[in-house]
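Chemist: Starting off with a structure, shown below.
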There are 2 protein chains.
Amino acid sequence: MADTRILLDHGSGGRATHELVEGLFLKHLEGAPLERLDDSGVFELLGGRLAITTDCYTVQPVFFPGGDIGSLAVHGTVNDLAMVGARPLAITCGFIIEEGFTRADLERITASLGRAAKEAGVFIAAGDTKVVGRGQADGLFITTSGVGLVPDGLDISGQNAKPGDAVILSGTVGDHGVAVLAAREGFFFGEDLKSDSASLNGLVEAIVRAAKGSVHTLRDPTRGGLATTICEIAGASNVGINLFEAAIPVAREVSSACELLGLDPLYVANEGKLIAVVAPEAADRTLSAMKAHPLGRDAVIIGEVHAEEPGEVVLETAIGGKRALAMLEGEQLPRIC
Amino acid sequence: MADTRILLDHGSGGRATHELVEGLFLKHLEGAPLERLDDSGVFELLGGRLAITTDCYTVQPVFFPGGDIGSLAVHGTVNDLAMVGARPLAITCGFIIEEGFTRADLERITASLGRAAKEAGVFIAAGDTKVVGRGQADGLFITTSGVGLVPDGLDISGQNAKPGDAVILSGTVGDHGVAVLAAREGFFFGEDLKSDSASLNGLVEAIVRAAKGSVHTLRDPTRGGLATTICEIAGASNVGINLFEAAIPVAREVSSACELLGLDPLYVANEGKLIAVVAPEAADRTLSAMKAHPLGRDAVIIGEVHAEEPGEVVLETAIGGKRALAMLEGEQLPRIC
């Protein structure tokens, strides 16, 4: 790979992103929590375990059905903390603003960010603002970081999936990516199409209450979609994973839009869904707890972990075939989050 | 103020930034640590005190004499933690990259960031990368956040300056801003002109060892320069501050460059200097401890705090006059950090 310039691919969340993270960033940046490549880094502090995470948001347009860059910046960071089992506590936010951005839009986005933080039960601990000249950024970028505490007895990581585990998905896939794309391009696929952007810390608390130490892995399938995230888990845990295509819920509008646009909903970003990999004996009670939560009503078992072909993901298709799934190649939908 | 668009001013660190922070951000974002407007937010956690901070770096050009955007992103965040007396522990970094940025430059910058983190004794706990299309950003923006622990017995804040306190500056002012401007515009003011960008946590440890609870305020005068930072302290602590112009060190190259360019070095950004406001009985031993540290060799007492005219800053000029100092108005040097 003699690529000498950074391409949109490198931000896709798929194969090229992994290559950049492993081939460049990890080579120069030291930190054991970072190297685990979980959604948050976790380290010991004052006798407890602190989780920490960061995410840059460059979504375009900044307003879309179901949310905006402000609420998204909170949801995404709260979710990254929740995916290691942490209780989110505080976030920071950094705004990079293009000169000429309207003050009214900035205020609407900031208010939305503040509301989302309040709803998720986190406070804002620090902030920063930079303004760059016209044409030097595209409207507004927000970077949020978050800290949270991991309760004792939990060890939730992408590295912890085990043969026999059940793979549970909390609801429909593809909503966020398709809603943002539709807003960007001015397509209309029906009133019901909107982003699923939401804070999942409440749902994670319900899962942990039900399954406790039987929760091995939690992941929110954002950039790269469900398929890429499942591939990451299979790789990090060195296990095989079978997915049942017929079980994976896709909303009607998302399904039609994907067909029309030539997208595979399994590779489209979500911002309010999670995958829980749990020990088989805890699968039923975890599923029930998820279904009882407003953000997990459509939860369903979509696959199982096994010991054969470590690192491989196979989709058992609706018509009875089998198809190997790989990480996202290329970038279909830049600036989706 | 019926300004309806965000202007470069709003990112200057001066008056317009303060108006935006107080008139918009604080209105919608809740968090007691944030509202103190110190360089880091501080809150109780697990029986200790955690400091947290974030900063966006948009410096242009990304390489400049004395540093680059990678080392700067570490120094700035480490310094914001040190300015509340915290021992920096971990940082996160988010990269927003313009498509087409060279991989070689990204690697050089990442290596520099990693080295700066190692030198400052912090590890990288989490990271994120987004890529936006050509023309949607200007090269590379980095947002770092940091966490640190505040040792027991310290309460260092911009709100804590008291009448009688001495104001100590750790060295020359204006170096960073003038070095970046020279690099950007292709001016040459001599081999010696370079950014002072450095991690100040070691110097802060020396100050705290010498003065302990007598350290009332620490601040690094970045955007807006020494004058704006002193105005912020006077306002936040509700005290008057007199500065002695003749005592404030300015390097010869910086002084000539400022004269030529029509800049006032008191308003130009620094990235490796700090202001310590300490109780009068601790002033001499603090100054000695600073002078014994490589980053405080040129430390000097530049002013005193008094009870008259709270919120006002007066410069006693070299020729014996008096001049009221205000926060930076407008933006002379955008994208300096």
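Simple scheme: letters A, B, ... for chains in structure tokens order, numbers from 1 for residues in each chain, numbers from 1 for ligands in the order shown.
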If you count only C-alpha atoms, which residues fall within 7 Å of Gly114 in chain A, apart from same-chain ones fewer than 3 positions away, as a VMD selection string?
Modeler: (chain A and resid 110 to 111 117 to 118) or (chain B and resid 28 to 30)
Chemist: How about saving the chosen residues, C-alpha atoms kept, as a PDB file, in the first residue's frame?
Modeler:
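Generated output (selection.pdb):
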ATOM      1  CA  THR A 110     -25.777  24.425  21.264  1.00  0.00           C
ATOM      2  CA  ALA A 111     -29.245  24.281  22.857  1.00  0.00           C
ATOM      3  CA  ALA A 117     -26.555  16.146  27.725  1.00  0.00           C
ATOM      4  CA  LYS A 118     -29.259  16.788  30.313  1.00  0.00           C
TER       5      LYS A 118
ATOM      6  CA  HIS B  28     -27.360  26.375  27.047  1.00  0.00           C
ATOM      7  CA  LEU B  29     -24.623  24.212  28.539  1.00  0.00           C
ATOM      8  CA  GLU B  30     -24.851  23.166  32.172  1.00  0.00           C
TER       9      GLU B  30
END
Chemist: Name all residues at most 9 Å from Gly70 in chain B (count only C-alpha atoms; drop same-chain ones fewer than 4 positions away) and give them as a short mmCIF file (atom, residue, chain, number, x, y, z; two decimals) with C-alpha atoms, in the first residue's frame.
Modeler:
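What landed in part.cif:
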data_model
loop_
_atom_site.label_atom_id
_atom_site.label_comp_id
_atom_site.auth_asym_id
_atom_site.auth_seq_id
_atom_site.Cartn_x
_atom_site.Cartn_y
_atom_site.Cartn_z
CA TYR B 57 -6.04 23.31 17.25
CA VAL B 62 0.84 23.06 10.60
CA PHE B 63 4.66 23.18 10.83
CA VAL B 74 -0.25 18.19 23.58
CA HIS B 75 1.44 21.24 25.12
CA ARG B 108 5.38 13.41 11.08
CA ILE B 109 2.72 15.29 13.09
CA THR B 110 1.48 12.14 14.85
CA ALA B 111 5.04 11.21 15.79
CA SER B 112 5.58 14.71 17.17
CA LEU B 113 2.32 14.45 19.16
CA GLY B 114 3.42 11.09 20.56
CA ALA B 116 5.35 15.48 23.25
CA ILE B 142 -6.65 18.36 15.96
#
Chemist: Taking into account only C-alpha atoms, which residue in the set A:Val178, A:Ala104, A:Cys56, A:Leu149 is nearest to Val42 in chain A?
Modeler: A:Leu149
Chemist: Determine the nearest neighbour of chain A from the options B:Ala90, B:Leu203, B:Ala289, B:Ala126, counting only C-alpha atoms.
Modeler: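 The shortest atom-to-atom distance to chain A comes from B:Ala126.
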Chemist: Taking only C-alpha atoms into account and nothing else, which residues of chain A lie no more than 6 Å away from chain B? Please answer as a compact mmCIF listing (two decimals) with all heavy atoms, in the first residue's frame.
Modeler:
# COMPACT_ATOMS: atom_id res chain seq x y z
N THR A 4 -0.06 7.73 -0.68
CA THR A 4 0.70 8.81 -0.08
C THR A 4 -0.19 9.96 0.37
O THR A 4 0.30 10.90 0.96
CB THR A 4 1.74 9.35 -1.08
OG1 THR A 4 1.03 9.77 -2.25
CG2 THR A 4 2.75 8.29 -1.46
N ARG A 5 -1.47 9.87 0.05
CA ARG A 5 -2.38 10.94 0.49
C ARG A 5 -3.56 10.34 1.24
O ARG A 5 -3.93 9.20 1.02
CB ARG A 5 -2.89 11.74 -0.72
CG ARG A 5 -1.78 12.52 -1.36
CD ARG A 5 -2.25 13.63 -2.26
NE ARG A 5 -1.08 14.32 -2.78
CZ ARG A 5 -0.60 15.46 -2.29
NH1 ARG A 5 -1.20 16.05 -1.28
NH2 ARG A 5 0.47 16.02 -2.80
N ILE A 6 -4.11 11.13 2.14
CA ILE A 6 -5.29 10.68 2.89
C ILE A 6 -6.52 10.84 1.99
O ILE A 6 -6.72 11.88 1.37
CB ILE A 6 -5.45 11.52 4.17
CG1 ILE A 6 -4.21 11.38 5.05
CG2 ILE A 6 -6.71 11.13 4.93
CD1 ILE A 6 -3.87 9.96 5.48
N LEU A 7 -7.30 9.75 1.91
CA LEU A 7 -8.50 9.74 1.07
C LEU A 7 -9.75 9.67 1.95
O LEU A 7 -9.65 9.35 3.14
CB LEU A 7 -8.45 8.53 0.14
CG LEU A 7 -7.14 8.38 -0.65
CD1 LEU A 7 -7.13 7.07 -1.43
CD2 LEU A 7 -6.99 9.58 -1.60
N LEU A 8 -10.90 9.93 1.36
CA LEU A 8 -12.16 9.85 2.12
C LEU A 8 -12.31 8.47 2.77
O LEU A 8 -12.79 8.35 3.90
CB LEU A 8 -13.35 10.14 1.21
CG LEU A 8 -13.54 11.62 0.85
CD1 LEU A 8 -14.64 11.79 -0.18
CD2 LEU A 8 -13.85 12.45 2.09
N GLY A 11 -11.56 7.69 6.38
CA GLY A 11 -12.50 8.09 7.42
C GLY A 11 -13.78 7.29 7.39
O GLY A 11 -14.74 7.61 8.08
N HIS A 28 2.80 5.51 16.67
CA HIS A 28 3.42 6.67 17.31
C HIS A 28 2.78 7.07 18.63
O HIS A 28 3.34 7.88 19.36
CB HIS A 28 3.37 7.87 16.36
CG HIS A 28 4.15 7.66 15.10
ND1 HIS A 28 5.52 7.60 15.09
CD2 HIS A 28 3.75 7.45 13.82
CE1 HIS A 28 5.93 7.39 13.84
NE2 HIS A 28 4.89 7.29 13.06
N LEU A 29 1.59 6.58 18.90
CA LEU A 29 0.86 7.01 20.10
C LEU A 29 0.85 5.89 21.11
O LEU A 29 0.43 4.77 20.80
CB LEU A 29 -0.56 7.44 19.73
CG LEU A 29 -0.65 8.52 18.65
CD1 LEU A 29 -2.10 8.88 18.37
CD2 LEU A 29 0.13 9.76 19.04
N GLU A 30 1.29 6.17 22.32
CA GLU A 30 1.37 5.13 23.34
C GLU A 30 0.27 5.27 24.36
O GLU A 30 0.03 6.35 24.88
CB GLU A 30 2.72 5.21 24.05
CG GLU A 30 3.84 4.70 23.18
CD GLU A 30 5.19 4.79 23.87
OE1 GLU A 30 5.23 4.73 25.11
OE2 GLU A 30 6.18 4.95 23.15
N GLY A 31 -0.36 4.16 24.67
CA GLY A 31 -1.40 4.15 25.69
C GLY A 31 -2.10 2.82 25.65
O GLY A 31 -2.76 2.49 24.67
N PRO A 33 -4.83 1.77 27.08
CA PRO A 33 -6.27 1.80 26.83
C PRO A 33 -6.57 2.00 25.34
O PRO A 33 -7.50 1.41 24.79
CB PRO A 33 -6.77 3.01 27.63
CG PRO A 33 -5.70 3.32 28.63
CD PRO A 33 -4.41 2.87 27.99
N LEU A 34 -5.76 2.83 24.68
CA LEU A 34 -5.96 3.10 23.26
C LEU A 34 -5.79 1.84 22.43
O LEU A 34 -6.55 1.56 21.49
CB LEU A 34 -4.93 4.14 22.80
CG LEU A 34 -4.93 4.54 21.33
CD1 LEU A 34 -6.10 5.47 21.04
CD2 LEU A 34 -3.63 5.25 20.93
N GLY A 41 -11.36 4.16 26.07
CA GLY A 41 -10.22 3.63 26.81
C GLY A 41 -10.59 3.52 28.28
O GLY A 41 -11.31 4.38 28.79
N THR A 53 -13.24 8.76 26.19
CA THR A 53 -13.42 8.60 24.75
C THR A 53 -13.45 9.96 24.08
O THR A 53 -13.62 10.98 24.74
CB THR A 53 -14.73 7.84 24.46
OG1 THR A 53 -14.77 7.49 23.07
CG2 THR A 53 -15.96 8.68 24.79
N THR A 54 -13.26 9.98 22.76
CA THR A 54 -13.40 11.22 22.00
C THR A 54 -13.93 10.91 20.61
O THR A 54 -13.68 9.83 20.07
CB THR A 54 -12.06 11.97 21.90
OG1 THR A 54 -12.31 13.31 21.45
CG2 THR A 54 -11.09 11.33 20.92
N ASP A 55 -14.68 11.82 20.04
CA ASP A 55 -15.18 11.68 18.67
C ASP A 55 -15.33 13.05 18.03
O ASP A 55 -15.79 13.98 18.67
CB ASP A 55 -16.54 10.98 18.68
CG ASP A 55 -16.45 9.55 18.13
OD1 ASP A 55 -15.68 9.34 17.17
OD2 ASP A 55 -17.13 8.68 18.66
N CYS A 56 -14.96 13.12 16.75
CA CYS A 56 -15.14 14.34 15.97
C CYS A 56 -16.42 14.19 15.15
O CYS A 56 -16.65 13.14 14.55
CB CYS A 56 -13.98 14.55 15.00
SG CYS A 56 -12.35 14.48 15.74
N GLY A 94 -15.62 20.85 21.86
CA GLY A 94 -14.80 21.80 21.12
C GLY A 94 -15.49 22.12 19.80
O GLY A 94 -15.83 21.22 19.05
N GLU A 99 -16.07 30.99 9.62
CA GLU A 99 -16.51 32.38 9.62
C GLU A 99 -17.76 32.52 8.75
O GLU A 99 -17.81 31.97 7.64
CB GLU A 99 -15.37 33.24 9.05
CG GLU A 99 -15.62 34.71 9.02
CD GLU A 99 -14.51 35.47 8.28
OE1 GLU A 99 -13.77 34.84 7.48
OE2 GLU A 99 -14.40 36.68 8.48
N GLY A 100 -18.77 33.23 9.23
CA GLY A 100 -19.99 33.41 8.46
C GLY A 100 -21.13 32.47 8.85
O GLY A 100 -22.27 32.66 8.43
N PHE A 101 -20.82 31.44 9.65
CA PHE A 101 -21.88 30.54 10.15
C PHE A 101 -22.86 31.39 10.94
O PHE A 101 -22.46 32.31 11.65
CB PHE A 101 -21.23 29.48 11.04
CG PHE A 101 -22.11 28.29 11.35
CD1 PHE A 101 -22.33 27.32 10.39
CD2 PHE A 101 -22.72 28.15 12.59
CE1 PHE A 101 -23.13 26.22 10.65
CE2 PHE A 101 -23.53 27.05 12.87
CZ PHE A 101 -23.73 26.09 11.90
N THR A 102 -24.16 31.10 10.83
CA THR A 102 -25.08 32.01 11.51
C THR A 102 -25.11 31.74 13.01
O THR A 102 -25.02 30.61 13.47
CB THR A 102 -26.52 31.94 10.98
OG1 THR A 102 -27.13 30.74 11.46
CG2 THR A 102 -26.57 32.00 9.47
N ARG A 103 -25.25 32.83 13.73
CA ARG A 103 -25.32 32.74 15.19
C ARG A 103 -26.59 32.00 15.61
O ARG A 103 -26.60 31.27 16.61
CB ARG A 103 -25.31 34.16 15.76
CG ARG A 103 -25.11 34.17 17.24
CD ARG A 103 -24.85 35.58 17.75
NE ARG A 103 -24.90 35.54 19.19
CZ ARG A 103 -23.96 36.03 19.99
NH1 ARG A 103 -22.90 36.61 19.48
NH2 ARG A 103 -24.07 35.94 21.28
N ALA A 111 -28.10 24.61 22.00
CA ALA A 111 -29.24 24.28 22.86
C ALA A 111 -29.57 22.79 22.75
O ALA A 111 -29.86 22.12 23.75
CB ALA A 111 -30.45 25.12 22.46
N GLY A 114 -27.02 20.87 24.67
CA GLY A 114 -27.28 21.00 26.10
C GLY A 114 -28.43 20.11 26.55
O GLY A 114 -28.36 19.45 27.59
N PHE A 123 -22.92 16.21 32.61
CA PHE A 123 -22.74 17.66 32.61
C PHE A 123 -21.57 18.04 31.70
O PHE A 123 -20.77 17.18 31.33
CB PHE A 123 -22.56 18.20 34.04
CG PHE A 123 -21.34 17.71 34.76
CD1 PHE A 123 -20.12 18.36 34.61
CD2 PHE A 123 -21.41 16.60 35.59
CE1 PHE A 123 -18.99 17.91 35.27
CE2 PHE A 123 -20.28 16.14 36.27
CZ PHE A 123 -19.07 16.80 36.10
N ILE A 124 -21.53 19.32 31.33
CA ILE A 124 -20.46 19.81 30.45
C ILE A 124 -19.35 20.35 31.35
O ILE A 124 -19.58 21.26 32.14
CB ILE A 124 -20.95 20.94 29.52
CG1 ILE A 124 -22.31 20.60 28.90
CG2 ILE A 124 -19.90 21.26 28.46
CD1 ILE A 124 -22.31 19.52 27.87
N ALA A 125 -18.17 19.78 31.22
CA ALA A 125 -17.09 20.14 32.15
C ALA A 125 -16.11 21.15 31.57
O ALA A 125 -15.43 21.84 32.32
CB ALA A 125 -16.32 18.89 32.58
N ALA A 126 -16.03 21.25 30.25
CA ALA A 126 -15.08 22.17 29.63
C ALA A 126 -15.45 22.35 28.17
O ALA A 126 -16.15 21.52 27.59
CB ALA A 126 -13.64 21.63 29.74
N GLY A 127 -15.00 23.45 27.56
CA GLY A 127 -15.30 23.70 26.16
C GLY A 127 -14.25 24.58 25.52
O GLY A 127 -13.42 25.18 26.21
N ASP A 128 -14.27 24.64 24.19
CA ASP A 128 -13.36 25.52 23.46
C ASP A 128 -14.01 25.91 22.14
O ASP A 128 -14.83 25.16 21.60
CB ASP A 128 -12.02 24.82 23.18
CG ASP A 128 -10.98 25.76 22.57
OD1 ASP A 128 -10.95 26.95 22.97
OD2 ASP A 128 -10.22 25.33 21.68
N LYS A 130 -12.96 27.64 18.28
CA LYS A 130 -12.04 28.24 17.33
C LYS A 130 -12.85 28.67 16.10
O LYS A 130 -13.82 27.98 15.73
CB LYS A 130 -10.96 27.24 16.88
CG LYS A 130 -9.97 26.87 17.98
CD LYS A 130 -9.04 27.99 18.31
CE LYS A 130 -7.97 27.71 19.34
NZ LYS A 130 -8.18 26.75 20.36
N VAL A 131 -12.48 29.78 15.51
CA VAL A 131 -13.12 30.22 14.27
C VAL A 131 -12.06 30.24 13.17
O VAL A 131 -10.97 30.77 13.38
CB VAL A 131 -13.75 31.62 14.42
CG1 VAL A 131 -14.44 32.04 13.14
CG2 VAL A 131 -14.73 31.65 15.60
N GLN A 136 -12.33 27.57 4.95
CA GLN A 136 -11.31 26.77 5.66
C GLN A 136 -11.93 25.67 6.51
O GLN A 136 -11.23 24.86 7.13
CB GLN A 136 -10.43 27.69 6.50
CG GLN A 136 -9.67 28.70 5.62
CD GLN A 136 -8.90 29.74 6.42
OE1 GLN A 136 -8.99 29.80 7.63
NE2 GLN A 136 -8.13 30.55 5.72
N ALA A 137 -13.26 25.65 6.60
CA ALA A 137 -14.00 24.54 7.21
C ALA A 137 -15.36 24.57 6.53
O ALA A 137 -15.64 25.47 5.74
CB ALA A 137 -14.13 24.71 8.71
N ASP A 138 -16.19 23.58 6.81
CA ASP A 138 -17.50 23.56 6.16
C ASP A 138 -18.58 23.72 7.22
O ASP A 138 -19.15 22.74 7.69
CB ASP A 138 -17.67 22.25 5.39
CG ASP A 138 -18.94 22.27 4.54
OD1 ASP A 138 -19.49 23.36 4.32
OD2 ASP A 138 -19.37 21.19 4.11
Chemist: Quick one: everything within 8 Å of range 294-310 of chain A, counting only C-alpha atoms, minus sequence neighbours fewer than 4 positions away in the same chain. Send it as a ChimeraX atom specification.
Modeler: /A:161-172,200,203,234-235,238-245,247-249,272-273,287,290
Chemist: Store the residues of this selection in a file with C-alpha atoms, as a PDB file, in the first residue's frame.
Modeler:
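The result, stored in part28.pdb:
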ATOM      1  CA  ALA A 161     -16.831 -12.473  22.688  1.00  0.00           C
ATOM      2  CA  LYS A 162     -16.781 -16.244  23.322  1.00  0.00           C
ATOM      3  CA  PRO A 163     -17.918 -19.307  21.369  1.00  0.00           C
ATOM      4  CA  GLY A 164     -21.561 -20.042  22.189  1.00  0.00           C
ATOM      5  CA  ASP A 165     -22.437 -16.389  22.869  1.00  0.00           C
ATOM      6  CA  ALA A 166     -25.632 -14.935  21.428  1.00  0.00           C
ATOM      7  CA  VAL A 167     -25.464 -11.774  19.292  1.00  0.00           C
ATOM      8  CA  ILE A 168     -28.378  -9.441  20.035  1.00  0.00           C
ATOM      9  CA  LEU A 169     -29.201  -6.308  18.016  1.00  0.00           C
ATOM     10  CA  SER A 170     -31.315  -3.593  19.684  1.00  0.00           C
ATOM     11  CA  GLY A 171     -33.404  -2.602  16.622  1.00  0.00           C
ATOM     12  CA  THR A 172     -33.523  -1.631  12.936  1.00  0.00           C
ATOM     13  CA  LEU A 200     -27.992   4.364  24.863  1.00  0.00           C
ATOM     14  CA  LEU A 203     -30.491   0.694  27.646  1.00  0.00           C
ATOM     15  CA  ALA A 234     -14.813 -11.355  15.291  1.00  0.00           C
ATOM     16  CA  GLY A 235     -11.270 -10.090  14.681  1.00  0.00           C
ATOM     17  CA  ASN A 238     -10.574 -14.174  17.467  1.00  0.00           C
ATOM     18  CA  VAL A 239     -13.884 -16.012  17.010  1.00  0.00           C
ATOM     19  CA  GLY A 240     -16.229 -16.831  14.124  1.00  0.00           C
ATOM     20  CA  ILE A 241     -19.662 -15.201  13.993  1.00  0.00           C
ATOM     21  CA  ASN A 242     -22.739 -16.371  12.044  1.00  0.00           C
ATOM     22  CA  LEU A 243     -25.459 -13.807  11.344  1.00  0.00           C
ATOM     23  CA  PHE A 244     -29.033 -14.662  10.316  1.00  0.00           C
ATOM     24  CA  GLU A 245     -30.025 -12.200   7.582  1.00  0.00           C
ATOM     25  CA  ALA A 247     -33.610 -11.805  11.612  1.00  0.00           C
ATOM     26  CA  ILE A 248     -31.984  -8.388  11.026  1.00  0.00           C
ATOM     27  CA  PRO A 249     -34.686  -5.705  11.156  1.00  0.00           C
ATOM     28  CA  GLY A 272     -28.958   4.732  18.407  1.00  0.00           C
ATOM     29  CA  LYS A 273     -28.477   0.995  18.100  1.00  0.00           C
ATOM     30  CA  LEU A 287     -33.432  -9.879  25.259  1.00  0.00           C
ATOM     31  CA  MET A 290     -33.949  -4.867  26.073  1.00  0.00           C
TER      32      MET A 290
END
Chemist: Do you know which residues are at most 8 Å from Ala257 in chain A counting only C-alpha atoms, after dropping those on the same chain fewer than 4 positions away, and could you put them as JSON, numbers by chain?
Modeler: {"A": [178, 189, 253, 261]}
Chemist: I need the residues from that last selection saved to file as a PDB file, in the first residue's frame (with C-alpha atoms), if you can.
Modeler:
ATOM      1  CA  VAL A 178     -30.105   6.995   5.074  1.00  0.00           C
ATOM      2  CA  PHE A 189     -38.482   8.662   1.279  1.00  0.00           C
ATOM      3  CA  GLU A 253     -38.414   3.211   4.159  1.00  0.00           C
ATOM      4  CA  LEU A 261     -29.545   4.115  -3.971  1.00  0.00           C
TER       5      LEU A 261
END
